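Chemist: One structure coming up, written as structure tokens, with questions to follow.
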Amino acid sequence: MPSTAFDPARALKPGDICAFLFPGTGSTGVPDLPALAAAGPGAARAVADVLDAVQEGLPAAGWPSLRAILLEDPTRYRAASRTPGVAQLCSYAASVAVDRALRACGVHPRYAVGQSFGEIAALVSAGAFGIADGARMAVAAVGVLTSRGRGGGMALLETGEDGARACIKSAAAPEVVVACLNAPSVTIVSGPDGPLEAVVDAAHGAGIRAVRLAVPYLSHHPAMAGADDEWYAMIRHLPQRPLELEVHSPVRGRAYRDGDDLHRAMADCIVKPVRLPGALRAVRAAGATVFTEAGPGDALCQCARLSVPGARTLAPLRDRPRHGRTGKAAPGVAPGTPAPETAAPGTAPPDAPPDTAPDTAPDTAGRGGGER
């Protein structure tokens with residue numbers, strides 16, 4: 001992936017208020033942290049410090065050096081990511097690194113929104129948890145999801161929630177549920193492998209674009225009841241601090257408060273559905289003027305443009321300074337920021353390893369995808 005220095009503060013207008021958006025895992029393959037570090041000495045220090053802090057939270061054995069595979073020699077990422085959990089932790093590390101590097105460049109958030117797994121990074125951004133503790137939470141989450149949710153998966157349907165339910169009914173697959181509404185016309189469903197494939201086929205039969213996501217487990221599904229309690233028991237001892245940002249939850253449908261048990265709130269994500277458009281609209285109504293992708297790619301910025309009329313977006317880690325093959329800026333994109341390579345929703349761009357295809361990928365029509 002090319003590395004191009006950027007100056008994100010130039011893309012903002014005086015008085016702009018940023019909402020940082022934290023995507024789910026594996027959103028666009030290899031995070032281009034060298035490009036992020038090239039923004040300046042402050043950004044470079046921030047990226048390195050985040051990677052060291054995340055490493056501190058990883059088990060002592062069985063994990064690669066994140067600094068090595070994300071910053072010093074990204075060509076090693078593809079092989080390293082085949083170890084279970086590595087891609088997810090790299091996604092978490094990249095989100096926190098973007099957050100800290102943007103601040104070092106003078107771009108500060110007032111709001112945060114986390115999509116599913118991204119809630120960990122959002123709450124770390126808000127100061128509720130430390131970076132190393134966020135990594136410990138992420139490791140535990142991946143372990144629980146992999147062990148409890150095997151035999152199932154998720155799929156993206158380019159239709160609204162009602163359309164997705166119609167496909168489920170047509171496939172006679174009640175085991176499949178609506179897991180996430182990413183945008184008014186983009187829905188994620190979750191279920192056992194066989195019924196899930198039947199729903200994808202039903203969508204195709206109805207002329208709806210649909211694709212399996214590279215998520216090898218159930219999530220946001222009632223069958224995961226108990227997995228949420230297991231994860232909660234594993235993380236509840238990690239200290240919770242006062243919130244420094246307003247964090248809007250697409251699961252609870254409101255902003256978190258200091259009196260909330262945020263460990264429990266995150267655990268709820270394993271079972272309960274995500275509704276992203278409402279959270280994005282609430283943040284806009286609260287005063288946000290620019291939605292900023294705190295992570296690789298621009299999938300959540302796409303969701304913001306689809307969900308909030310006239311939304312302005314900033315995505316510092318998109319691949320190339322062009323929109324698709326046209327060379328034109330994507331609609332709603334803040335000037336001076338690069339645009340992504342296009343890909344079908346839920347499929348990997350060329351630089352993504354095959355077992356970590358993005359679960360928040362953009363498509364050629366600018367639709368936002370994504371899930372845990």
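Following the order of the structure tokens, first chain is A, next is B, and so on, with residues numbered from 1 inside each chain and ligands from 1 in the order they appear.
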Taking 4 positions as the minimum chain separation for residues in the same chain, which residues sit within 9 Å of Pro64 of chain A when counting only C-alpha atoms? Answer as a list in words.
Modeler: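 The residues that qualify are Gln55, Ala68, Ile69, Ala80 and Val86 of chain A.
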Chemist: Which parts of segment 226-338 of chain A does DSSP call alpha helix (DSSP H) when run on the backbone here, written out as a short mmCIF file (atom, residue, chain, number, x, y, z; two decimals) with C-alpha atoms, in the first residue's frame?
Modeler:
data_model
loop_
_atom_site.label_atom_id
_atom_site.label_comp_id
_atom_site.auth_asym_id
_atom_site.auth_seq_id
_atom_site.Cartn_x
_atom_site.Cartn_y
_atom_site.Cartn_z
CA ALA A 227 -20.86 -15.52 25.44
CA ASP A 228 -21.56 -11.96 26.52
CA ASP A 229 -21.50 -12.97 30.17
CA GLU A 230 -18.28 -14.93 29.64
CA TRP A 231 -16.53 -11.93 28.09
CA TYR A 232 -17.92 -9.61 30.75
CA ALA A 233 -16.49 -11.81 33.49
CA MET A 234 -13.09 -11.71 31.79
CA ILE A 235 -12.89 -7.92 31.49
CA LEU A 262 -19.18 0.18 30.25
CA HIS A 263 -17.83 -3.36 30.51
CA ARG A 264 -21.41 -4.62 30.40
CA ALA A 265 -22.26 -2.24 27.58
CA MET A 266 -19.49 -3.66 25.42
CA ALA A 267 -20.46 -7.23 26.27
CA ASP A 268 -24.00 -6.47 25.07
CA LEU A 276 -25.50 2.84 13.23
CA PRO A 277 -27.59 5.49 11.38
CA GLY A 278 -29.34 6.64 14.55
CA ALA A 279 -26.04 7.09 16.38
CA LEU A 280 -24.56 9.06 13.47
CA ARG A 281 -27.62 11.31 13.28
CA ALA A 282 -27.54 11.87 17.04
CA VAL A 283 -23.91 12.94 16.87
CA ARG A 284 -24.69 15.32 14.02
CA ALA A 285 -27.61 16.78 15.99
CA ALA A 286 -25.32 17.23 19.00
CA ALA A 299 -16.38 2.51 5.37
CA LEU A 300 -17.94 4.35 8.31
CA CYS A 301 -17.54 7.67 6.52
CA GLN A 302 -19.53 6.11 3.69
CA CYS A 303 -22.18 5.07 6.22
CA ALA A 304 -22.26 8.66 7.49
CA ARG A 305 -22.76 10.02 3.97
CA LEU A 306 -25.60 7.57 3.39
CA SER A 307 -27.23 8.21 6.76
#
Chemist: Taking only C-alpha atoms into account, which of A:Cys90, A:Cys180, A:Val30, A:Ala104 comes nearest Gly42 of chain A?
Modeler: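 Looking at the shortest contact to Gly42 of chain A, the residue is A:Ala104.
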Chemist: May I ask for the distance between atom CA of Arg110 of chain A and atom CA of Leu36 of chain A, given in Å to one decimal place?
Modeler: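 Answer for the atom CA of Arg110 of chain A to atom CA of Leu36 of chain A separation: 21.0 Å.
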Chemist: Tell me which of A:Leu245, A:Ala87, A:Ala202, A:Val96 sits closest to Ala214 of chain A, counting only C-alpha atoms.
Modeler: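 Under the stated criterion, the closest residue is A:Ala87.
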Chemist: Just want the 8 Å neighbourhood of Ala94 of chain A, counted on only C-alpha atoms, with same-chain residues fewer than 6 positions away dropped. Output as a count of residues only.
Modeler: 5
Chemist: Please, which residues in segment 180-268 of chain A fall within 9 Å of segment 126-134 of chain A when counting only C-alpha atoms, and what is the closest atom pair and distance in Å to one decimal for each, ordered by chain then residue number, as a tab-separated table?
Modeler:
residue	atom	partner	partner_atom	distance
A:Ile235	CA	A:Asp133	CA	8.7
A:Leu238	CA	A:Asp133	CA	6.7
A:Pro239	CA	A:Phe129	CA	6.8
A:Gln240	CA	A:Ala128	CA	5.4
A:Arg241	CA	A:Ala128	CA	4.4
A:Pro242	CA	A:Ala128	CA	5.7
A:Leu243	CA	A:Ala128	CA	5.2
A:Glu244	CA	A:Ala126	CA	5.0
A:Leu245	CA	A:Ala126	CA	4.8
A:Glu246	CA	A:Ala126	CA	7.4
A:Val247	CA	A:Ala126	CA	7.2
A:Asp258	CA	A:Ala128	CA	8.8
A:Leu262	CA	A:Ala128	CA	8.4
Chemist: Determine which residues of segment 124-172 of chain A DSSP labels as strand (DSSP E) from the backbone of this structure, then write them out as a list in words.
Modeler: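 Residues of segment 124-172 of chain A classed as strand (DSSP E): Gly152, Gly153, Met154, Ala155, Leu156 and Leu157 of chain A.
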Chemist: With only C-alpha atoms as the atoms that count, which of A:Leu66, A:Ala19, A:Ala155, A:Ala140 lies nearest to Asp193 of chain A?
Modeler: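 The closest residue to Asp193 of chain A is A:Ala155.
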Chemist: I'd like the contact shell of Gly85 of chain A - 12 Å cut-off, only C-alpha atoms, skipping same-chain residues fewer than 2 positions apart - returned as a ChimeraX atom specification.
Modeler: /A:25-26,58-59,62-64,80-83,87-92,135-146,215-216,355-356
Chemist: So that I can see what lies close to Ile168 of chain A, please list as a PyMOL selection string the residues with an atom at most 10 Å from it, counting only C-alpha atoms and leaving out residues fewer than 5 positions away in the same chain.
Modeler: chain A and resi 162-163+173-178+189+195-196+198-200+202-203
Chemist: Measure the distance from atom CA of His220 of chain A to atom CA of Pro273 of chain A in Å and round it to one decimal.
Modeler: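 Atom CA of Pro273 of chain A lies at a distance of 5.2 Å from atom CA of His220 of chain A.
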Chemist: Select, from A:Cys18, A:Arg165, A:Pro250, A:Arg236, the residue with the minimum atom-to-atom distance to His108 of chain A, counting only C-alpha atoms.
Modeler: A:Cys18
Chemist: Which distance in Å separates atom CA of Ala97 of chain A and atom CA of Ser116 of chain A, to one decimal?
Modeler: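 Distance reported for this atom pair: 18.3 Å.
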Chemist: Counting only C-alpha atoms, figure out which residue out of A:Asp52, A:Asp16, A:Asp201, A:Asp99 gets nearest to Pro316 of chain A.
Modeler: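 Among the listed residues, A:Asp99 lies closest to Pro316 of chain A.
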Chemist: Select, from A:Gly40, A:Pro34, A:Pro23, A:Pro109, the residue with the minimum atom-to-atom distance to Thr75 of chain A, counting only C-alpha atoms.
Modeler: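 Counting only C-alpha atoms, the residue closest to Thr75 of chain A is A:Pro34.
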